[in-house]
$ cat upload-v9.cif   # mmCIF, C-alpha atoms and all ligand atoms
data_final
loop_
_atom_site.label_atom_id
_atom_site.label_comp_id
_atom_site.auth_asym_id
_atom_site.auth_seq_id
_atom_site.Cartn_x
_atom_site.Cartn_y
_atom_site.Cartn_z
CA MET V 1 -4.27 -44.07 61.62
CA PRO V 2 -2.13 -45.30 58.68
CA ARG V 3 1.48 -46.14 59.54
CA TRP V 4 3.91 -44.23 57.37
CA ASN V 5 7.57 -45.07 56.72
CA LYS V 6 9.69 -42.19 55.55
CA ARG V 7 13.28 -42.28 54.42
CA LEU V 8 15.87 -40.19 52.67
CA LEU V 9 16.65 -41.68 49.25
CA LEU V 10 18.96 -39.46 47.18
CA SER V 11 21.17 -36.46 47.95
CA PRO V 12 23.04 -33.98 45.76
CA HIS V 13 26.54 -35.24 46.67
CA GLN V 14 25.67 -38.61 45.06
CA PHE V 15 25.44 -37.05 41.60
CA ALA V 16 28.33 -35.95 39.39
CA PRO V 17 27.92 -32.41 38.04
CA SER V 18 27.13 -32.05 34.34
CA GLN V 19 30.32 -29.93 33.95
CA GLU V 20 33.51 -29.60 35.99
CA ASP V 21 32.85 -25.94 36.76
CA LEU V 22 29.49 -26.69 38.45
CA ILE V 23 28.43 -28.16 41.79
CA VAL V 24 25.22 -30.11 42.37
CA VAL V 25 23.20 -28.34 45.07
CA GLY V 26 19.93 -30.25 44.73
CA ALA V 27 18.59 -33.66 43.68
CA PHE V 28 14.86 -33.35 44.33
CA ASN V 29 11.23 -33.21 43.03
CA PRO V 30 11.27 -36.54 41.13
CA GLY V 31 8.70 -37.92 38.71
CA ALA V 32 8.08 -41.65 39.26
CA THR V 33 6.80 -44.62 37.30
CA ILE V 34 7.18 -48.38 36.94
CA LEU V 35 8.63 -49.50 33.63
CA ASP V 36 9.05 -53.22 32.86
CA GLY V 37 8.77 -53.88 36.59
CA ARG V 38 11.56 -51.42 37.47
CA ILE V 39 11.05 -48.30 39.58
CA VAL V 40 12.13 -45.32 37.48
CA LEU V 41 12.59 -41.84 38.95
CA VAL V 42 13.26 -38.70 36.92
CA VAL V 43 15.12 -36.45 39.33
CA ARG V 44 15.57 -32.68 39.11
CA ILE V 45 19.28 -31.87 39.48
CA ALA V 46 20.07 -28.25 40.41
CA GLU V 47 23.57 -26.88 39.84
CA GLN V 48 25.45 -23.70 40.66
CA PRO V 49 28.83 -22.39 39.48
CA ARG V 50 31.73 -23.80 41.52
CA GLU V 51 33.64 -20.51 41.30
CA LYS V 52 32.85 -17.70 43.76
CA ARG V 53 33.80 -14.12 42.88
CA LEU V 54 33.99 -11.33 45.41
CA GLY V 55 31.19 -8.81 44.85
CA GLN V 56 29.62 -10.83 42.05
CA VAL V 57 27.03 -13.56 41.73
CA GLY V 58 27.21 -16.16 38.95
CA LEU V 59 23.84 -16.81 37.33
CA PRO V 60 23.86 -19.98 35.20
CA ARG V 61 21.95 -20.63 31.99
CA TRP V 62 22.04 -23.18 29.17
CA GLU V 63 23.35 -22.35 25.72
CA GLN V 64 23.66 -25.07 23.09
CA GLY V 65 23.82 -27.98 25.50
CA GLN V 66 26.25 -26.31 27.93
CA VAL V 67 25.91 -24.22 31.06
CA VAL V 68 27.35 -20.72 30.78
CA VAL V 69 27.53 -18.26 33.68
CA ASP V 70 26.55 -14.59 33.67
CA TRP V 71 28.48 -12.74 36.41
CA VAL V 72 26.40 -9.90 37.84
CA ALA V 73 27.54 -7.28 40.36
CA GLU V 74 26.08 -8.03 43.76
CA ASP V 75 24.93 -4.44 44.26
CA ASN V 76 22.80 -4.76 41.13
CA LEU V 77 20.90 -7.64 42.75
CA ARG V 78 18.01 -7.89 45.16
CA TRP V 79 17.48 -11.35 46.70
CA VAL V 80 13.82 -12.29 46.39
CA ASP V 81 14.41 -15.61 48.20
CA PRO V 82 17.27 -18.17 48.16
CA ARG V 83 16.23 -19.23 44.63
CA VAL V 84 15.53 -16.01 42.79
CA VAL V 85 17.25 -12.63 42.37
CA GLU V 86 15.98 -9.44 40.76
CA MET V 87 18.37 -7.33 38.71
CA ARG V 88 17.92 -3.74 39.78
CA ASP V 89 18.81 -2.20 36.40
CA THR V 90 16.27 -4.18 34.34
CA GLY V 91 13.78 -5.31 37.00
CA LEU V 92 14.05 -8.84 35.57
CA MET V 93 14.47 -11.99 37.66
CA ARG V 94 17.00 -14.83 37.40
CA LEU V 95 17.48 -18.15 39.13
CA THR V 96 20.63 -18.62 41.23
CA PHE V 97 20.93 -22.22 39.96
CA THR V 98 19.84 -24.15 36.90
CA SER V 99 18.15 -27.54 36.72
CA HIS V 100 18.14 -30.52 34.39
CA LEU V 101 16.72 -34.03 34.75
CA ARG V 102 18.37 -37.41 35.44
CA VAL V 103 16.77 -40.80 34.99
CA VAL V 104 17.44 -43.16 37.89
CA VAL V 105 16.42 -46.80 38.38
CA VAL V 106 15.90 -47.68 42.05
CA GLU V 107 15.86 -51.21 43.48
CA PRO V 108 12.96 -52.10 45.77
CA GLY V 109 14.23 -51.81 49.34
CA TRP V 110 15.95 -48.58 48.27
CA GLU V 111 19.52 -49.75 48.99
CA ARG V 112 20.74 -49.57 45.39
CA TRP V 113 20.13 -47.23 42.51
CA GLU V 114 21.69 -46.42 39.17
CA GLU V 115 21.69 -43.34 36.94
CA VAL V 116 20.67 -44.43 33.43
CA GLY V 117 20.05 -41.19 31.54
CA ARG V 118 20.25 -37.40 31.45
CA TRP V 119 17.77 -34.99 29.94
CA TYR V 120 19.31 -31.55 29.37
CA PRO V 121 17.49 -28.29 28.56
CA GLN V 122 17.24 -27.44 24.89
CA GLY V 123 16.29 -24.29 22.98
CA PRO V 124 15.28 -20.78 24.00
CA LEU V 125 12.28 -21.79 26.12
CA GLU V 126 14.41 -23.94 28.47
CA SER V 127 17.56 -21.86 28.83
CA TYR V 128 17.16 -21.26 32.59
CA GLY V 129 16.45 -24.95 33.14
CA ILE V 130 13.89 -27.76 33.19
CA GLU V 131 12.26 -28.71 36.48
CA ASP V 132 9.76 -30.75 38.46
CA PRO V 133 8.84 -33.63 36.10
CA ARG V 134 5.58 -35.49 36.68
CA ILE V 135 5.04 -38.82 34.90
CA GLY V 136 1.55 -39.86 33.88
CA ALA V 137 0.60 -43.11 32.17
CA VAL V 138 -2.22 -42.42 29.70
CA GLU V 139 -3.38 -45.10 27.24
CA GLN V 140 -0.05 -46.97 27.46
CA ARG V 141 1.91 -43.76 26.83
CA LEU V 142 4.34 -42.37 29.42
CA LEU V 143 3.81 -38.62 29.45
CA VAL V 144 6.19 -36.29 31.25
CA THR V 145 4.93 -32.84 32.17
CA TYR V 146 7.69 -30.47 33.27
CA VAL V 147 8.47 -26.81 33.89
CA ALA V 148 10.46 -24.95 31.23
CA VAL V 149 12.13 -21.81 32.59
CA SER V 150 13.63 -19.10 30.37
CA PRO V 151 13.70 -15.33 29.77
CA HIS V 152 10.19 -15.93 28.36
CA GLY V 153 8.94 -16.99 31.78
CA VAL V 154 7.98 -20.14 33.65
CA ALA V 155 5.95 -22.38 31.32
CA SER V 156 4.67 -25.95 31.44
CA ALA V 157 5.68 -28.40 28.74
CA LEU V 158 5.00 -31.98 27.70
CA ALA V 159 7.34 -34.76 26.62
CA GLN V 160 6.97 -38.45 26.07
CA THR V 161 9.24 -41.33 27.03
CA ASP V 162 9.12 -45.11 26.72
CA ALA V 163 11.25 -48.19 27.36
CA ASP V 164 14.31 -46.54 25.74
CA LEU V 165 14.01 -43.64 28.24
CA GLN V 166 14.53 -40.96 25.59
CA PHE V 167 12.97 -37.52 26.08
CA ASP V 168 10.75 -36.62 23.12
CA ARG V 169 9.50 -33.09 23.47
CA LEU V 170 5.90 -32.42 22.37
CA GLY V 171 5.77 -28.68 23.14
CA ILE V 172 4.56 -26.09 25.62
CA LEU V 173 1.11 -26.81 27.07
CA PHE V 174 0.49 -23.75 29.21
CA PRO V 175 2.29 -20.42 28.68
CA PRO V 176 3.81 -18.42 31.58
CA GLU V 177 3.28 -18.37 34.35
CA ASN V 178 2.02 -21.86 34.88
CA LYS V 179 3.44 -24.95 36.54
CA ASP V 180 2.49 -28.09 38.51
CA VAL V 181 0.73 -29.66 35.51
CA VAL V 182 -0.44 -33.25 36.00
CA ILE V 183 -2.39 -35.32 33.47
CA PHE V 184 -5.19 -37.67 34.55
CA PRO V 185 -4.78 -41.41 33.85
CA GLU V 186 -8.08 -41.73 31.97
CA SER V 187 -10.32 -39.48 29.92
CA VAL V 188 -13.80 -38.37 30.96
CA ASP V 189 -16.54 -37.95 28.33
CA GLY V 190 -13.94 -38.38 25.60
CA ALA V 191 -11.62 -35.62 26.84
CA TYR V 192 -8.16 -35.83 28.42
CA LEU V 193 -7.85 -33.89 31.66
CA ALA V 194 -5.08 -31.95 33.37
CA MET V 195 -4.66 -29.91 36.50
CA HIS V 196 -2.58 -26.76 36.11
CA ARG V 197 -1.62 -23.82 38.26
CA PRO V 198 -1.80 -20.40 36.63
CA VAL V 199 -0.21 -17.57 38.61
CA ASN V 200 -2.30 -14.46 38.90
CA ALA V 201 -0.01 -11.44 38.88
CA THR V 202 -2.93 -9.25 39.85
CA ARG V 203 -3.94 -10.80 43.11
CA PHE V 204 -7.71 -10.94 42.83
CA SER V 205 -7.75 -14.55 43.91
CA LYS V 206 -6.14 -16.82 46.45
CA PRO V 207 -3.81 -19.41 44.87
CA GLU V 208 -5.82 -21.91 42.81
CA ILE V 209 -5.53 -25.14 40.86
CA TRP V 210 -7.39 -25.22 37.53
CA LEU V 211 -8.75 -28.10 35.51
CA ALA V 212 -8.59 -28.21 31.68
CA ASN V 213 -9.70 -30.55 28.90
CA SER V 214 -8.03 -31.60 25.67
CA HIS V 215 -8.72 -33.86 22.71
CA ASN V 216 -5.09 -34.31 21.68
CA LEU V 217 -3.08 -33.61 24.88
CA LEU V 218 -1.54 -30.50 23.26
CA GLU V 219 -4.38 -27.99 22.98
CA TRP V 220 -6.20 -27.33 26.24
CA GLY V 221 -9.51 -25.56 26.87
CA ASN V 222 -12.60 -25.57 29.10
CA HIS V 223 -10.46 -24.14 31.93
CA ARG V 224 -12.14 -23.95 35.32
CA PRO V 225 -10.87 -23.52 38.89
CA LEU V 226 -11.22 -26.32 41.41
CA ALA V 227 -13.00 -25.41 44.63
CA ILE V 228 -10.12 -26.09 47.01
CA PRO V 229 -10.68 -24.20 50.26
CA SER V 230 -8.01 -21.63 51.07
CA CYS V 231 -6.53 -22.30 54.51
CA PRO V 232 -3.29 -21.25 56.24
CA TRP V 233 -1.47 -24.38 54.92
CA ASN V 234 -2.07 -23.30 51.27
CA ALA V 235 -2.46 -19.53 51.68
CA ASP V 236 0.66 -18.66 49.64
CA ARG V 237 0.77 -21.46 47.02
CA VAL V 238 -1.19 -24.50 45.98
CA GLY V 239 -0.48 -26.86 43.08
CA GLY V 240 -0.72 -30.34 41.67
CA GLY V 241 1.77 -32.86 43.05
CA CYS V 242 1.43 -36.54 42.20
CA PRO V 243 -0.68 -37.24 39.08
CA PRO V 244 -4.18 -38.50 39.87
CA MET V 245 -4.81 -42.23 40.19
CA VAL V 246 -8.10 -44.08 40.51
CA ILE V 247 -8.76 -45.41 44.01
CA ALA V 248 -12.21 -46.49 45.23
CA ASP V 249 -13.80 -45.23 42.01
CA ARG V 250 -12.52 -41.70 42.57
CA PHE V 251 -9.66 -39.61 41.18
CA VAL V 252 -7.13 -39.23 43.98
CA ALA V 253 -4.17 -36.87 43.75
CA LEU V 254 -1.61 -35.39 46.09
CA ILE V 255 -1.27 -31.63 45.99
CA HIS V 256 1.08 -29.26 47.80
CA GLY V 257 0.41 -26.04 49.61
CA ALA V 258 2.65 -23.40 51.15
CA THR V 259 1.98 -21.10 54.07
CA ARG V 260 2.64 -17.39 53.69
CA PRO V 261 6.29 -16.56 54.44
CA GLU V 262 6.91 -15.10 57.88
CA GLU V 263 9.09 -12.35 56.45
CA ALA V 264 10.25 -10.99 53.08
CA GLY V 265 13.11 -13.02 51.60
CA LYS V 266 11.85 -16.22 53.21
CA VAL V 267 9.73 -19.02 51.73
CA GLY V 268 6.65 -20.48 53.45
CA ARG V 269 6.33 -24.07 54.69
CA TYR V 270 5.42 -26.60 51.96
CA ALA V 271 3.33 -29.66 52.88
CA ALA V 272 1.10 -32.16 51.07
CA ALA V 273 -2.63 -32.83 51.05
CA LEU V 274 -4.88 -35.49 49.60
CA LEU V 275 -7.32 -34.27 46.93
CA VAL V 276 -10.29 -36.46 45.97
CA LEU V 277 -12.36 -35.68 42.86
CA ASP V 278 -15.48 -37.29 41.42
CA ARG V 279 -14.40 -39.78 38.72
CA HIS V 280 -17.28 -38.83 36.42
CA ARG V 281 -17.46 -35.10 37.23
CA PRO V 282 -13.79 -34.32 37.98
CA ASP V 283 -14.52 -30.64 38.62
CA ARG V 284 -16.39 -31.77 41.74
CA VAL V 285 -14.06 -31.70 44.76
CA LEU V 286 -15.11 -34.43 47.21
CA SER V 287 -12.46 -33.80 49.88
CA VAL V 288 -9.17 -32.07 50.62
CA THR V 289 -7.21 -33.50 53.57
CA PRO V 290 -3.82 -32.19 54.72
CA LEU V 291 -1.49 -35.12 55.52
CA PRO V 292 0.51 -34.48 58.71
CA ALA V 293 2.85 -37.35 57.75
CA LEU V 294 3.81 -35.33 54.67
CA ALA V 295 4.61 -32.06 56.41
CA PRO V 296 8.24 -31.15 57.18
CA SER V 297 9.45 -32.83 60.38
CA GLU V 298 12.59 -34.84 59.56
CA PRO V 299 15.98 -33.06 59.55
CA TYR V 300 16.32 -33.56 55.76
CA GLU V 301 12.93 -31.88 55.23
CA ILE V 302 13.80 -28.98 57.50
CA ASP V 303 17.40 -28.11 56.53
CA GLY V 304 18.39 -27.50 52.94
CA PHE V 305 18.51 -25.07 50.03
CA VAL V 306 14.93 -24.07 50.86
CA PRO V 307 14.09 -25.11 54.44
CA HIS V 308 10.79 -26.70 55.52
CA VAL V 309 9.71 -28.20 52.20
CA VAL V 310 7.87 -31.45 51.47
CA PHE V 311 6.96 -31.40 47.77
CA PRO V 312 5.44 -34.64 46.42
CA THR V 313 5.84 -35.20 42.67
CA GLY V 314 5.48 -38.93 41.97
CA TRP V 315 3.98 -42.12 43.35
CA ILE V 316 3.74 -45.79 42.52
CA VAL V 317 1.98 -48.84 43.91
CA LYS V 318 4.10 -51.98 44.33
CA ASP V 319 3.48 -55.06 46.46
CA GLU V 320 0.44 -53.51 48.21
CA GLN V 321 2.47 -50.46 49.22
CA LEU V 322 1.99 -46.90 48.02
CA HIS V 323 5.35 -45.16 47.67
CA ILE V 324 5.26 -41.37 47.49
CA PHE V 325 8.43 -39.70 46.20
CA TYR V 326 9.01 -36.09 47.13
CA GLY V 327 11.48 -33.27 47.19
CA ALA V 328 12.75 -32.53 50.71
CA ALA V 329 13.95 -28.98 51.43
CA ASP V 330 14.58 -28.45 47.66
CA THR V 331 17.70 -30.58 48.24
CA HIS V 332 16.97 -34.33 48.53
CA VAL V 333 14.65 -37.03 47.24
CA ALA V 334 12.78 -38.84 50.00
CA VAL V 335 10.12 -41.55 49.94
CA ALA V 336 7.10 -42.05 52.20
CA SER V 337 5.46 -45.47 52.12
CA VAL V 338 2.09 -46.60 53.41
CA SER V 339 -0.07 -49.68 52.82
CA ILE V 340 -2.46 -49.01 49.94
CA ASP V 341 -5.31 -50.50 52.00
CA GLN V 342 -4.73 -48.06 54.85
CA PHE V 343 -4.33 -45.16 52.44
CA SER V 344 -7.58 -46.08 50.64
CA LEU V 345 -9.47 -45.66 53.92
CA MET V 346 -8.64 -41.94 53.77
CA VAL V 347 -10.29 -41.59 50.33
CA THR V 348 -13.76 -40.23 51.02
C1 LIG Z 1 10.16 -21.02 42.15
C2 LIG Z 1 10.62 -22.33 42.75
C3 LIG Z 1 11.93 -22.80 42.18
C4 LIG Z 1 11.89 -22.77 40.69
C5 LIG Z 1 11.38 -21.44 40.16
C6 LIG Z 1 11.19 -21.45 38.66
O1 LIG Z 1 10.99 -20.01 42.55
O2 LIG Z 1 9.64 -23.30 42.56
O3 LIG Z 1 12.24 -24.10 42.60
O4 LIG Z 1 13.17 -23.02 40.19
O5 LIG Z 1 10.15 -21.13 40.76
O6 LIG Z 1 10.26 -22.43 38.29
#
$ encode --input "upload-v9.cif" --output "structure tokens"
Amino acid sequence: MPRWNKRLLLSPHQFAPSQEDLIVVGAFNPGATILDGRIVLVVRIAEQPREKRLGQVGLPRWEQGQVVVDWVAEDNLRWVDPRVVEMRDTGLMRLTFTSHLRVVVVEPGWERWEEVGRWYPQGPLESYGIEDPRIGAVEQRLLVTYVAVSPHGVASALAQTDADLQFDRLGILFPPENKDVVIFPESVDGAYLAMHRPVNATRFSKPEIWLANSHNLLEWGNHRPLAIPSCPWNADRVGGGCPPMVIADRFVALIHGATRPEEAGKVGRYAAALLVLDRHRPDRVLSVTPLPALAPSEPYEIDGFVPHVVFPTGWIVKDEQLHIFYGAADTHVAVASVSIDQFSLMVT
């Protein structure tokens, strides 16, 4: 059995809010990469209005580089879960927080870190926030897939960054509702590959991850579902987590799954699994293995804005160790480390 080391890395109180009238309620779901030998995380920062008003709920959104708050009467709201409310008069949903991204450089050993950049939402397709970045290195380019949330829905977008750590937007890849997009590190038969997670409003299917091809990283086709067995651990949700890497001549990714909530207004339990695909026929699923080490067990994975969540979003290999970065309880960033040799033994 591989020996895992888990530890809490970053928490919301360690980050200054983007405005004085906001509080940081989450620092979680980070993308990860190594740039010039430094470990770089792109962390999702969730904020809520500092002010509380009796009988009203403040729903934040971005407008021209600033967060503004819409105050809505509480009796016009139905809480879907801690994250989402429905407005009774229009039937439309809103988030109770809004997210942007912060670039953080972390020292090996995890004792020291530094915030080196901020990426704020921009334009009408990001006005409810940008979330859950995944960083993929493809042909020397650092590609960031992320979720763009707005009154137009929950879409998946692409940006590019490099040594200057700017955020160059390249556009929406998959229209609503679609998230958890990860790009493969190498092309197959001349085509780039991505996993994505469409949401089927008409529930004919169990939750699924789909594969798609592209010749330019912007236009995607040849969509097909991956044959990931539906089990209790992924009965409510399943989606890409850490972008695939090549281990033992296979594509290896981490995915997440969520159990069905026990009651309305609650969220299921999110945990991670190892997904292994054929390197030459990536639509062929070779194995799916839930990882008990990456299921909620630590206090910081159990208590938080959304309890019982382990949500892996980035990983790196350094000094023979695989470091998996994940969101814990939609509140913190944590890291789970394991020797790459021991991890490789699980790739079958
Ligand atoms: C879900 C969760 C939230 C996220 C919204 C919008 O409710 O994944 O964390 O903010 O979707 O993407």
$ residues_near_ligand --input "upload-v9.cif" --ligand "ligand LIG 1 (chain Z)" --cutoff "7 Å" --atoms "all atoms listed in the file" --output "number ranges by chain"
V: 83-84, 95, 131, 147, 149, 154
$ residues_around --input "upload-v9.cif" --residues "stretch 321-329 of chain V" --least-positions-apart "3" --cutoff "7 Å" --atoms "all atoms listed in the file" --output "NGL selection string"
:V and (28-30 or 300-318 or 332-340)
$ atom_distance --input "upload-v9.cif" --atom1 "atom CA of V:Leu9" --atom2 "atom CA of V:Leu294"
15.3 Å
$ atom_distance --input "upload-v9.cif" --atom1 "atom CA of V:Ala157" --atom2 "atom CA of V:Arg78"
29.0 Å
$ residues_around --input "upload-v9.cif" --residues "V:Ala16" --least-positions-apart "2" --cutoff "12 Å" --atoms "all atoms listed in the file" --output "MDAnalysis selection string"
chainID V and resid 11:14 18:27 45:47 102 115 118
$ atom_distance --input "upload-v9.cif" --atom1 "atom CA of V:Glu107" --atom2 "atom CA of V:Gly240"
26.7 Å
$ closest_residue --input "upload-v9.cif" --among "V:Ala201, V:Met87, V:Val347, V:Leu193" --to "V:Pro282" --atoms "all atoms listed in the file"
V:Leu193
$ closest_atom_pairs --input "upload-v9.cif" --of "stretch 241-323 of chain V" --to "stretch 205-222 of chain V" --cutoff "10 Å" --atoms "all atoms listed in the file" --output "CSV"
residue,atom,partner,partner_atom,distance
V:Ile255,CA,V:Ile209,CA,9.3
V:Gly257,CA,V:Pro207,CA,9.2
V:Ala258,CA,V:Pro207,CA,9.9
V:Pro282,CA,V:Leu211,CA,8.4
V:Asp283,CA,V:Leu211,CA,7.0
$ residues_around --input "upload-v9.cif" --residues "V:Pro176" --least-positions-apart "3" --cutoff "10 Å" --atoms "all atoms listed in the file" --output "JSON, numbers by chain"
{"V": [147, 148, 149, 150, 152, 153, 154, 155, 156, 172, 173, 179, 198, 199]}
$ closest_residue --input "upload-v9.cif" --among "V:Gln64, V:Thr145, V:Ser230, V:Asn76" --to "V:Met195" --atoms "all atoms listed in the file"
V:Thr145
$ closest_residue --input "upload-v9.cif" --among "V:Ala191, V:His223, V:Ser344, V:Leu165" --to "V:Val252" --atoms "only C-alpha atoms"
V:Ser344
$ closest_residue --input "upload-v9.cif" --among "V:Trp71, V:Phe174, V:Trp110, V:Phe97" --to "V:Tyr128" --atoms "only C-alpha atoms"
V:Phe97
$ closest_residue --input "upload-v9.cif" --among "V:Asp330, V:Ala253, V:Glu320, V:Pro299" --to "V:Ser287" --atoms "all atoms listed in the file"
V:Ala253
$ residues_around --input "upload-v9.cif" --residues "stretch 184-190 of chain V" --least-positions-apart "6" --cutoff "8 Å" --atoms "all atoms listed in the file" --output "mmCIF file with C-alpha atoms, in the coordinates of the input"
data_model
loop_
_atom_site.group_PDB
_atom_site.id
_atom_site.type_symbol
_atom_site.label_atom_id
_atom_site.label_comp_id
_atom_site.auth_asym_id
_atom_site.auth_seq_id
_atom_site.Cartn_x
_atom_site.Cartn_y
_atom_site.Cartn_z
ATOM 1 C CA GLY V 136 1.550 -39.860 33.880
ATOM 2 C CA ALA V 137 0.600 -43.110 32.170
ATOM 3 C CA VAL V 138 -2.220 -42.420 29.700
ATOM 4 C CA GLU V 139 -3.380 -45.100 27.240
ATOM 5 C CA HIS V 215 -8.720 -33.860 22.710
ATOM 6 C CA PRO V 243 -0.680 -37.240 39.080
ATOM 7 C CA PRO V 244 -4.180 -38.500 39.870
ATOM 8 C CA MET V 245 -4.810 -42.230 40.190
ATOM 9 C CA VAL V 246 -8.100 -44.080 40.510
ATOM 10 C CA ARG V 279 -14.400 -39.780 38.720
ATOM 11 C CA HIS V 280 -17.280 -38.830 36.420
ATOM 12 C CA ARG V 281 -17.460 -35.100 37.230
#
$ build_atoms --input "upload-v9.cif" --residues "stretch 254-270 of chain V" --atoms "N, CA and C atoms" --output "compact mmCIF listing (two decimals), keeping the file's coordinate frame"
# COMPACT_ATOMS: atom_id res chain seq x y z
N LEU V 254 -2.23 -36.15 45.00
CA LEU V 254 -1.61 -35.39 46.09
C LEU V 254 -1.33 -34.00 45.55
N ILE V 255 -1.59 -33.01 46.36
CA ILE V 255 -1.27 -31.63 45.99
C ILE V 255 -0.34 -31.06 47.06
N HIS V 256 0.28 -29.91 46.77
CA HIS V 256 1.08 -29.26 47.80
C HIS V 256 0.49 -27.89 48.10
N GLY V 257 0.79 -27.40 49.26
CA GLY V 257 0.41 -26.04 49.61
C GLY V 257 1.55 -25.42 50.39
N ALA V 258 1.63 -24.09 50.35
CA ALA V 258 2.65 -23.40 51.15
C ALA V 258 1.99 -22.30 51.97
N THR V 259 2.46 -22.18 53.20
CA THR V 259 1.98 -21.10 54.07
C THR V 259 2.59 -19.78 53.60
N ARG V 260 2.03 -18.69 54.05
CA ARG V 260 2.64 -17.39 53.69
C ARG V 260 3.95 -17.23 54.45
N PRO V 261 5.00 -16.71 53.77
CA PRO V 261 6.29 -16.56 54.44
C PRO V 261 6.16 -15.64 55.65
N GLU V 262 6.98 -15.94 56.67
CA GLU V 262 6.91 -15.10 57.88
C GLU V 262 7.52 -13.73 57.66
N GLU V 263 8.50 -13.65 56.75
CA GLU V 263 9.09 -12.35 56.45
C GLU V 263 9.57 -12.33 55.01
N ALA V 264 9.78 -11.13 54.46
CA ALA V 264 10.25 -10.99 53.08
C ALA V 264 11.60 -11.70 52.96
N GLY V 265 11.84 -12.33 51.81
CA GLY V 265 13.11 -13.02 51.60
C GLY V 265 13.07 -14.46 52.08
N LYS V 266 12.00 -14.83 52.75
CA LYS V 266 11.85 -16.22 53.21
C LYS V 266 10.78 -16.90 52.36
N VAL V 267 10.72 -18.23 52.45
CA VAL V 267 9.73 -19.02 51.73
C VAL V 267 8.84 -19.67 52.78
N GLY V 268 7.55 -19.84 52.49
CA GLY V 268 6.65 -20.48 53.45
C GLY V 268 6.97 -21.96 53.63
N ARG V 269 6.13 -22.65 54.38
CA ARG V 269 6.33 -24.07 54.69
C ARG V 269 5.47 -24.88 53.72
N TYR V 270 6.13 -25.78 52.97
CA TYR V 270 5.42 -26.60 51.96
C TYR V 270 5.05 -27.95 52.56
